[in-house]
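Peer 1: My file is my_file19.csv. It has CSV, C-alpha atoms:
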chain,number,residue,atom,x,y,z
Q,1,MET,CA,-9.0,53.8,13.6
Q,2,PHE,CA,-6.0,52.1,15.2
Q,3,ILE,CA,-4.8,50.5,12.0
Q,4,LEU,CA,-4.9,53.9,10.2
Q,5,ILE,CA,-2.9,55.6,13.0
Q,6,ALA,CA,-0.3,52.8,12.9
Q,7,LEU,CA,0.0,52.9,9.2
Q,8,CYS,CA,0.1,56.7,8.9
Q,9,PHE,CA,2.7,57.1,11.7
Q,10,SER,CA,4.9,54.2,10.6
Q,11,GLY,CA,4.6,55.1,6.9
Q,12,PHE,CA,5.7,58.7,7.5
Q,13,PHE,CA,8.5,57.6,9.8
Q,14,LEU,CA,9.5,55.0,7.2
Q,15,LEU,CA,10.0,57.8,4.6
Q,16,LEU,CA,12.2,59.6,7.1
Q,17,GLU,CA,14.2,56.4,7.8
Q,18,LEU,CA,14.9,56.0,4.1
Q,19,THR,CA,16.9,59.3,4.1
Q,20,GLY,CA,19.1,57.9,6.9
Q,21,LEU,CA,18.5,58.3,10.7
Q,22,SER,CA,20.5,57.4,13.8
Q,23,LYS,CA,19.5,54.2,15.6
Q,24,PHE,CA,18.2,56.2,18.6
Q,25,ILE,CA,15.9,58.4,16.5
Q,26,SER,CA,14.6,55.4,14.5
Q,27,ARG,CA,13.7,53.5,17.7
Q,28,TYR,CA,12.2,56.7,19.2
Q,29,LEU,CA,10.0,57.3,16.2
Q,30,ALA,CA,8.9,53.6,16.3
Q,31,VAL,CA,7.4,53.9,19.8
Q,32,THR,CA,4.0,55.2,18.7
Q,33,PRO,CA,3.4,52.8,15.8
Q,34,LEU,CA,4.7,49.9,18.0
Q,35,PHE,CA,2.2,50.9,20.7
Q,36,PHE,CA,-0.8,50.9,18.4
Q,37,LEU,CA,0.3,47.6,16.9
Q,38,PHE,CA,0.7,46.1,20.3
Q,39,ALA,CA,-2.7,47.4,21.3
Q,40,MET,CA,-4.4,46.0,18.2
Q,41,VAL,CA,-3.2,42.5,19.0
Q,42,ALA,CA,-3.0,42.4,22.8
Q,43,PHE,CA,-6.3,44.0,23.5
Q,44,ASN,CA,-8.4,42.7,20.7
Q,45,ARG,CA,-11.9,41.6,21.8
Q,46,ASP,CA,-13.5,40.2,18.7
Q,47,ASN,CA,-12.5,38.5,15.5
Q,48,ARG,CA,-13.6,35.5,13.3
Q,49,ASP,CA,-12.3,32.9,15.7
Q,50,TYR,CA,-12.5,34.8,19.0
Q,51,PHE,CA,-15.5,33.1,20.5
Q,52,ASN,CA,-14.3,29.7,19.5
Q,53,TYR,CA,-11.1,30.4,21.4
Q,54,GLU,CA,-13.2,31.6,24.3
Q,55,ARG,CA,-15.2,28.4,24.2
Q,56,ALA,CA,-12.1,26.4,24.8
Q,57,PHE,CA,-11.9,27.8,28.3
Q,58,TYR,CA,-15.2,26.3,29.4
Q,59,ASP,CA,-15.7,23.4,27.0
Q,60,GLU,CA,-13.2,20.7,27.9
Q,61,TYR,CA,-14.1,18.5,24.9
Q,62,PHE,CA,-13.6,21.3,22.5
Q,63,ARG,CA,-10.3,22.3,24.2
Q,64,ASP,CA,-9.0,18.8,23.7
Q,65,SER,CA,-9.3,19.3,19.9
Q,66,PHE,CA,-6.4,21.8,20.2
Q,67,GLU,CA,-2.7,21.0,20.4
Q,68,PRO,CA,-1.4,20.1,23.8
Q,69,GLY,CA,0.8,23.3,24.3
Q,70,TYR,CA,-2.2,25.5,23.7
Q,71,GLY,CA,-4.4,23.4,26.0
Q,72,LEU,CA,-1.8,23.6,28.7
Q,73,LEU,CA,-1.6,27.4,28.4
Q,74,ILE,CA,-5.4,27.6,28.8
Q,75,GLU,CA,-5.2,25.5,32.0
Q,76,VAL,CA,-2.5,27.8,33.4
Q,77,LEU,CA,-4.4,30.9,32.6
Q,78,LYS,CA,-7.7,29.4,34.0
Q,79,SER,CA,-5.9,28.6,37.3
Q,80,ILE,CA,-5.1,32.3,37.8
Q,81,GLY,CA,-8.5,33.5,36.7
Q,82,LEU,CA,-7.8,34.7,33.2
Q,83,GLY,CA,-9.5,33.8,29.9
Q,84,HIS,CA,-8.7,34.1,26.3
Q,85,GLU,CA,-7.8,37.8,26.8
Q,86,GLY,CA,-4.7,36.5,28.6
Q,87,ILE,CA,-3.6,34.5,25.5
Q,88,ILE,CA,-4.0,37.4,23.1
Q,89,PHE,CA,-2.1,39.7,25.5
Q,90,ILE,CA,0.7,37.1,25.5
Q,91,ALA,CA,0.5,37.0,21.7
Q,92,GLY,CA,0.8,40.8,21.4
Q,93,SER,CA,3.7,40.9,23.8
Q,94,LEU,CA,5.5,38.1,22.0
Q,95,LEU,CA,5.0,39.9,18.7
Q,96,ILE,CA,6.7,43.1,19.9
Q,97,VAL,CA,9.5,41.2,21.7
Q,98,THR,CA,10.1,39.2,18.5
Q,99,MET,CA,10.3,42.2,16.3
Q,100,LEU,CA,12.7,44.1,18.6
Q,101,ARG,CA,14.8,41.0,19.3
Q,102,MET,CA,15.2,40.2,15.6
Q,103,LEU,CA,15.7,43.9,14.6
Q,104,LYS,CA,18.7,44.3,16.8
Q,105,GLY,CA,21.0,46.7,15.1
Q,106,SER,CA,18.5,47.9,12.5
Q,107,LEU,CA,17.8,51.5,11.8
Q,108,ASN,CA,14.4,50.8,10.1
Q,109,VAL,CA,12.0,49.5,12.7
Q,110,ASN,CA,9.1,51.5,11.1
Q,111,LEU,CA,9.5,49.6,7.8
Q,112,VAL,CA,8.7,46.3,9.6
Q,113,VAL,CA,5.8,47.9,11.5
Q,114,PHE,CA,4.3,49.5,8.4
Q,115,PHE,CA,4.4,46.4,6.2
Q,116,TYR,CA,3.3,44.0,9.0
Q,117,CYS,CA,0.3,46.3,9.7
Q,118,ALA,CA,-0.5,46.4,6.0
Q,119,PHE,CA,-0.2,42.6,5.8
Q,120,PRO,CA,-0.5,40.0,7.4
Q,121,LEU,CA,-1.8,41.6,10.7
Q,122,ILE,CA,-5.5,41.2,9.5
Q,123,TYR,CA,-5.1,37.4,9.4
Q,124,ASP,CA,-2.8,37.1,12.4
Q,125,ILE,CA,-5.3,38.8,14.7
Q,126,ASN,CA,-7.7,36.0,13.9
Q,127,GLN,CA,-5.4,33.0,13.9
Q,128,THR,CA,-3.9,33.3,17.4
Q,129,ARG,CA,-2.4,29.8,17.6
Q,130,ASN,CA,-0.7,30.2,14.3
Q,131,LEU,CA,0.6,33.6,15.3
Q,132,ILE,CA,2.1,32.3,18.6
Q,133,MET,CA,3.5,29.3,16.7
Q,134,TYR,CA,5.4,31.3,14.1
Q,135,LEU,CA,6.6,33.9,16.5
Q,136,VAL,CA,8.3,31.1,18.6
Q,137,LEU,CA,9.6,29.8,15.3
Q,138,VAL,CA,11.1,33.1,14.3
Q,139,LEU,CA,12.8,33.4,17.7
Q,140,ALA,CA,14.2,29.9,17.2
Q,141,LEU,CA,16.1,31.2,14.2
Q,142,ILE,CA,18.5,32.7,16.8
Q,143,TYR,CA,19.6,29.2,17.7
Q,144,VAL,CA,20.2,28.3,14.0
Q,145,VAL,CA,22.6,31.2,13.8
Q,146,GLU,CA,24.3,30.1,17.1
Q,147,ASN,CA,24.4,26.5,16.0
Q,148,LYS,CA,22.4,25.3,19.0
Q,149,LYS,CA,20.6,22.4,17.6
Q,150,ILE,CA,18.9,21.1,20.7
Q,151,LYS,CA,17.5,24.5,21.7
Q,152,PHE,CA,16.2,25.0,18.1
Q,153,TYR,CA,14.4,21.7,18.2
Q,154,LEU,CA,12.9,22.4,21.6
Q,155,MET,CA,11.6,25.7,20.3
Q,156,MET,CA,10.2,23.9,17.3
Q,157,LEU,CA,8.4,21.3,19.4
Q,158,THR,CA,7.0,24.2,21.5
Q,159,ALA,CA,5.8,26.0,18.3
Q,160,ALA,CA,4.2,22.8,17.0
Q,161,SER,CA,2.5,22.3,20.4
Q,162,PHE,CA,0.5,25.4,19.5
Q,163,HIS,CA,-0.2,24.6,15.9
Q,164,LEU,CA,0.8,21.4,14.1
Q,165,ILE,CA,1.8,23.3,11.0
Q,166,GLY,CA,4.9,24.2,12.9
Q,167,LEU,CA,6.2,20.6,12.2
Q,168,PHE,CA,6.7,21.8,8.6
Q,169,TYR,CA,9.7,23.9,9.6
Q,170,ILE,CA,11.5,21.3,11.6
Q,171,PRO,CA,13.8,20.2,8.7
Q,172,PHE,CA,15.0,23.8,8.3
Q,173,TYR,CA,17.9,23.5,10.7
Q,174,TRP,CA,19.2,20.5,8.7
Q,175,PHE,CA,18.7,22.4,5.4
Q,176,SER,CA,20.3,25.5,6.6
Q,177,LYS,CA,23.7,23.9,7.4
Q,178,TRP,CA,24.5,23.2,3.8
Q,179,ASP,CA,26.3,25.7,1.6
Q,180,ARG,CA,23.9,28.0,-0.3
Q,181,LYS,CA,24.3,26.2,-3.7
Q,182,LYS,CA,23.4,22.9,-2.1
Q,183,PHE,CA,20.6,24.4,-0.1
Q,184,MET,CA,19.0,25.9,-3.3
Q,185,ARG,CA,19.5,22.8,-5.3
Q,186,VAL,CA,17.9,20.6,-2.6
Q,187,LEU,CA,15.0,23.0,-2.4
Q,188,LYS,CA,14.5,22.8,-6.1
Q,189,LEU,CA,14.6,19.0,-6.2
Q,190,THR,CA,12.3,18.7,-3.2
Q,191,THR,CA,9.8,21.1,-4.7
Q,192,ILE,CA,9.7,19.2,-8.0
Q,193,THR,CA,9.4,15.8,-6.1
Q,194,LEU,CA,6.5,17.1,-4.0
Q,195,GLY,CA,4.9,18.7,-7.0
Q,196,ILE,CA,4.8,15.2,-8.6
Q,197,GLY,CA,3.7,13.5,-5.4
Q,198,ALA,CA,1.2,16.1,-4.1
Q,199,PRO,CA,-1.8,14.5,-5.8
Q,200,LEU,CA,-1.0,11.2,-4.1
Q,201,VAL,CA,-0.5,12.8,-0.7
Q,202,ILE,CA,-3.8,14.7,-0.9
Q,203,THR,CA,-5.7,11.6,-2.2
Q,204,GLY,CA,-4.2,9.5,0.6
Q,205,LEU,CA,-5.3,12.1,3.2
Q,206,SER,CA,-8.8,12.1,1.8
Q,207,LEU,CA,-9.0,8.3,2.0
Q,208,LEU,CA,-7.6,8.1,5.5
Q,209,PHE,CA,-9.8,11.0,6.8
Q,210,PRO,CA,-12.9,11.0,4.6
Q,211,ASP,CA,-14.8,13.2,7.1
Q,212,LYS,CA,-12.2,15.9,6.5
Q,213,ALA,CA,-11.8,15.4,2.7
Q,214,GLY,CA,-13.6,18.7,2.0
Q,215,TYR,CA,-11.1,20.5,4.2
Q,216,TYR,CA,-8.1,18.9,2.5
Q,217,LEU,CA,-9.5,19.7,-1.0
Q,218,ASN,CA,-10.3,23.3,-0.1
Q,219,ARG,CA,-8.7,25.0,-3.1
Q,220,PRO,CA,-8.2,28.7,-3.4
Q,221,PRO,CA,-11.3,30.3,-5.1
Q,222,GLY,CA,-11.2,31.8,-8.5
Q,223,TYR,CA,-7.8,33.2,-9.5
Q,224,GLY,CA,-6.6,33.1,-5.9
Q,225,ILE,CA,-4.1,30.3,-6.7
Q,226,ILE,CA,-2.4,32.5,-9.3
Q,227,LEU,CA,-2.2,35.5,-7.0
Q,228,TYR,CA,-0.7,33.3,-4.2
Q,229,PHE,CA,2.0,32.2,-6.6
Q,230,VAL,CA,2.6,35.8,-7.8
Q,231,CYS,CA,3.0,37.0,-4.2
Q,232,ALA,CA,5.4,34.1,-3.4
Q,233,ILE,CA,7.5,34.9,-6.5
Q,234,PHE,CA,7.8,38.5,-5.3
Q,235,ASP,CA,8.8,37.4,-1.8
Q,236,TYR,CA,11.7,35.3,-3.3
Q,237,PHE,CA,12.7,37.9,-5.8
Q,238,THR,CA,12.8,40.6,-3.2
Q,239,VAL,CA,15.2,38.8,-0.8
Q,240,TRP,CA,17.3,37.6,-3.9
Q,241,TRP,CA,17.5,41.2,-5.2
Q,242,VAL,CA,18.4,42.6,-1.7
Q,243,ASP,CA,21.0,39.9,-1.2
Q,244,LYS,CA,22.7,40.8,-4.5
Q,245,LYS,CA,22.9,44.5,-3.6
Q,246,ILE,CA,24.3,44.0,-0.1
Q,247,GLY,CA,26.2,40.7,-0.3
Q,248,LEU,CA,29.7,42.2,-0.3
Q,249,ASN,CA,28.9,45.0,2.1
Q,250,ILE,CA,27.6,43.0,5.1
Q,251,VAL,CA,29.8,43.1,8.1
Q,252,GLU,CA,31.2,39.7,9.1
Q,253,ASP,CA,29.3,39.5,12.4
Q,254,GLU,CA,26.0,40.0,10.7
Q,255,LYS,CA,26.4,37.6,7.8
Q,256,PRO,CA,25.2,34.4,9.7
Q,257,ARG,CA,22.0,36.1,10.8
Q,258,MET,CA,21.2,37.5,7.4
Q,259,GLU,CA,22.0,34.2,5.7
Q,260,VAL,CA,19.6,32.3,8.0
Q,261,MET,CA,16.8,34.7,7.4
Q,262,TYR,CA,17.4,34.7,3.6
Q,263,ARG,CA,17.1,30.9,3.6
Q,264,PHE,CA,14.1,30.9,5.9
Q,265,VAL,CA,12.2,33.1,3.4
Q,266,TRP,CA,13.0,30.6,0.6
Q,267,PHE,CA,12.2,27.5,2.6
Q,268,PRO,CA,8.4,27.5,2.1
Q,269,VAL,CA,8.9,27.1,-1.7
Q,270,ILE,CA,8.6,23.4,-1.1
Q,271,SER,CA,5.0,23.9,0.1
Q,272,LEU,CA,3.8,25.6,-3.1
Q,273,PRO,CA,2.7,22.4,-5.0
Q,274,PHE,CA,0.1,21.7,-2.3
Q,275,LEU,CA,-1.6,25.1,-2.9
Q,276,PHE,CA,-3.3,23.6,-5.9
Q,277,PHE,CA,-5.2,21.3,-3.5
Q,278,PHE,CA,-5.2,23.0,-0.1
Q,279,ALA,CA,-5.7,26.7,0.4
Q,280,GLU,CA,-4.5,26.6,4.0
Q,281,PHE,CA,-0.9,25.9,2.8
Q,282,SER,CA,-0.9,29.6,1.9
Q,283,ARG,CA,-0.3,30.4,5.6
Q,284,ILE,CA,3.1,28.7,5.4
Q,285,GLN,CA,4.2,31.3,2.9
Q,286,ARG,CA,2.5,34.0,5.0
Q,287,ASN,CA,4.3,32.9,8.1
Q,288,VAL,CA,7.7,34.1,6.7
Q,289,LEU,CA,6.6,37.6,5.8
Q,290,LEU,CA,7.7,39.0,9.1
Q,291,VAL,CA,11.2,37.6,8.6
Q,292,LYS,CA,11.2,39.0,5.0
Q,293,TYR,CA,10.4,42.5,6.4
Q,294,ILE,CA,13.0,42.2,9.1
Q,295,TYR,CA,15.6,41.0,6.6
Q,296,CYS,CA,15.0,44.0,4.3
Q,297,ALA,CA,15.0,46.4,7.3
Q,298,ILE,CA,18.4,45.2,8.4
Q,299,ALA,CA,19.7,45.4,4.9
Q,300,MET,CA,18.7,49.0,4.4
Q,301,LYS,CA,21.8,50.3,6.2
Q,302,TYR,CA,23.9,48.7,3.5
Q,303,MET,CA,22.0,50.4,0.6
Q,304,ASN,CA,22.0,53.8,-1.0
Q,305,ILE,CA,18.7,55.8,-1.2
Q,306,LYS,CA,17.8,54.5,-4.7
Q,307,GLN,CA,18.2,50.8,-3.6
Q,308,ARG,CA,16.1,51.5,-0.5
Q,309,LEU,CA,13.3,53.0,-2.6
Q,310,ILE,CA,13.4,50.0,-4.9
Q,311,THR,CA,13.2,47.6,-2.0
Q,312,VAL,CA,10.2,49.4,-0.5
Q,313,PHE,CA,8.5,49.3,-4.0
Q,314,LEU,CA,9.2,45.5,-4.2
Q,315,LEU,CA,7.7,45.1,-0.7
Q,316,LEU,CA,4.6,47.1,-1.7
Q,317,ILE,CA,3.7,44.9,-4.7
Q,318,PRO,CA,2.6,41.7,-2.9
Q,319,VAL,CA,1.0,43.8,-0.1
Q,320,SER,CA,-1.1,45.5,-2.7
Q,321,ILE,CA,-2.1,42.2,-4.3
Q,322,TYR,CA,-3.1,40.8,-0.9
Q,323,THR,CA,-5.1,43.9,-0.2
Q,324,PHE,CA,-6.8,43.6,-3.6
Q,325,VAL,CA,-7.8,40.0,-2.8
Q,326,VAL,CA,-9.3,41.0,0.5
Q,327,PHE,CA,-11.4,43.7,-1.1
Q,328,GLN,CA,-12.2,41.5,-4.1
Q,329,TYR,CA,-13.8,38.9,-1.9
Q,330,ARG,CA,-15.3,41.6,0.3
Q,331,GLN,CA,-13.6,40.5,3.5
Q,332,PHE,CA,-14.0,44.0,5.0
Q,333,ASP,CA,-14.7,42.5,8.5
Q,334,LEU,CA,-11.0,41.6,8.7
Q,335,TYR,CA,-10.3,45.4,9.0
Q,336,ASN,CA,-13.3,46.1,11.2
Q,337,TYR,CA,-12.0,43.6,13.8
Q,338,LEU,CA,-8.8,45.6,14.3
Q,339,ASP,CA,-10.9,48.2,16.1
Q,340,GLU,CA,-12.8,45.7,18.3
Q,341,ASN,CA,-10.4,46.6,21.1
Q,342,PHE,CA,-10.6,47.0,24.9
Q,343,ILE,CA,-8.7,50.2,24.9
Q,344,LYS,CA,-11.0,51.7,22.2
Q,345,TYR,CA,-14.0,50.5,24.2
Q,346,TYR,CA,-12.6,52.3,27.2
Q,347,LEU,CA,-11.9,55.6,25.3
Q,348,ASP,CA,-15.3,55.5,23.7
Q,349,ARG,CA,-17.0,55.0,27.0
Q,350,TYR,CA,-15.3,57.7,29.0
Q,351,PHE,CA,-14.4,60.2,26.4
Will you turn the file into structure tokens for me?

Peer 2:
Amino acid sequence: MFILIALCFSGFFLLLELTGLSKFISRYLAVTPLFFLFAMVAFNRDNRDYFNYERAFYDEYFRDSFEPGYGLLIEVLKSIGLGHEGIIFIAGSLLIVTMLRMLKGSLNVNLVVFFYCAFPLIYDINQTRNLIMYLVLVLALIYVVENKKIKFYLMMLTAASFHLIGLFYIPFYWFSKWDRKKFMRVLKLTTITLGIGAPLVITGLSLLFPDKAGYYLNRPPGYGIILYFVCAIFDYFTVWWVDKKIGLNIVEDEKPRMEVMYRFVWFPVISLPFLFFFAEFSRIQRNVLLVKYIYCAIAMKYMNIKQRLITVFLLLIPVSIYTFVVFQYRQFDLYNYLDENFIKYYLDRYF
């Protein structure tokens, strides 16, 4: 119910935004979709990992298997009498804050809400540590724009303390300070090098940690690997196409922010070789989708109506593919969990 309301409202308002609306009206129209998005995340009460996360509050040995930042947050919440519901409330609040902070100056808030609700919300609501990690990571991009290296790395360490996959993004600051041609050239060379070395890395990990070898060698099922690559290609093509259409029109003050987001969407290309061996690497690509949506939303004000429609169409293609995969593998529970919600429980009980 909540997801349908959020999609219907944000989808309808997105169509209105494409025709051109004032910033005030756009933000006003986004209030309802943002509320339902916030409610779905912040008041969720069941998902695939929910009870394992709850277990960490009373099983100290299990809690120690998590990263230290997440463990510290658990201790803080326990000290004030809260459980896992406190963590997901923080995650929901952080999601909305991140969206609004990064969308500063945008007239297309509903575009981000619609596409985020379409995908990857169904995974983020399950993977709470990963969600918090990449939201901190997205906020850290502000310090890349402002050339505040120390603050960026502190944010990166904070992100990695919630999920170790955050370490993957640490080199981004260094990469982002090159001119674009060098940045793209280094990305290409790094991807090729990792593509050659990936089998050795995976083999080494399986030898060092034989008890987790099955996890390291967890390949995407069936044609999943092809679809992951197709979606990634559309991600890169979309920001490339948008960049070509708006490049000369961006106001000077906004260029640094747009350039950082553009490069951030491209950065995960170096992880793609590992997808042949390890399905979990798909989340690295998934973690930049929010930034891709924000980048396109900000770019809309520099486009004509035809270009806006093409951008929305390009965004719809990978979302449709991801949705097809979810239905193909009959993962319907991912949608059902969106209605396992404290607010819905309350409404059902009293109304």

Peer 1: Neighbouring residues of Q:Tyr123 were defined as those with any atom within 9 Å, considering all atoms listed in the file; residues of the same chain fewer than 4 positions away were excluded. Please report them as a ChimeraX atom specification.

Peer 2: /Q:119,127,334

Peer 1: Q:Ala56, Q:Ala297, Q:Arg45, Q:Lys182: which is nearest Q:Leu18, counting only C-alpha atoms?

Peer 2: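 Checking each candidate against Q:Leu18, we get Q:Ala297 as the closest.
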
Peer 1: Quick one: residues within 6 Å of stretch 134-151 of chain Q, only C-alpha atoms, excluding same-chain residues fewer than 5 positions away - as a PyMOL selection string?

Peer 2: chain Q and resi 159+256-257

Peer 1: Of the candidates Q:Val269, Q:Ile90, Q:Leu314, Q:Leu100, which one gets nearest to Q:Lys188 if we count only C-alpha atoms?

Peer 2: Q:Val269

Peer 1: My list of candidates is Q:Arg180, Q:Lys104, Q:Arg63, Q:Arg308. Which is closest to Q:Trp241 when distances are computed with all atoms listed in the file?

Peer 2: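 Nearest candidate to Q:Trp241 out of Q:Arg180, Q:Lys104, Q:Arg63, Q:Arg308: Q:Arg308.
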
Peer 1: Show which residues sit within 10 Å of Q:Leu21, as a PyMOL selection string. Count only C-alpha atoms, and ignore same-chain residues fewer than 4 positions away.

Peer 2: chain Q and resi 16-17+25-27+107-108+301

Peer 1: Taking into account all atoms listed in the file, which residue in the set Q:Arg55, Q:Lys181, Q:Arg129, Q:Lys255 is nearest to Q:Ala299?

Peer 2: Q:Lys255
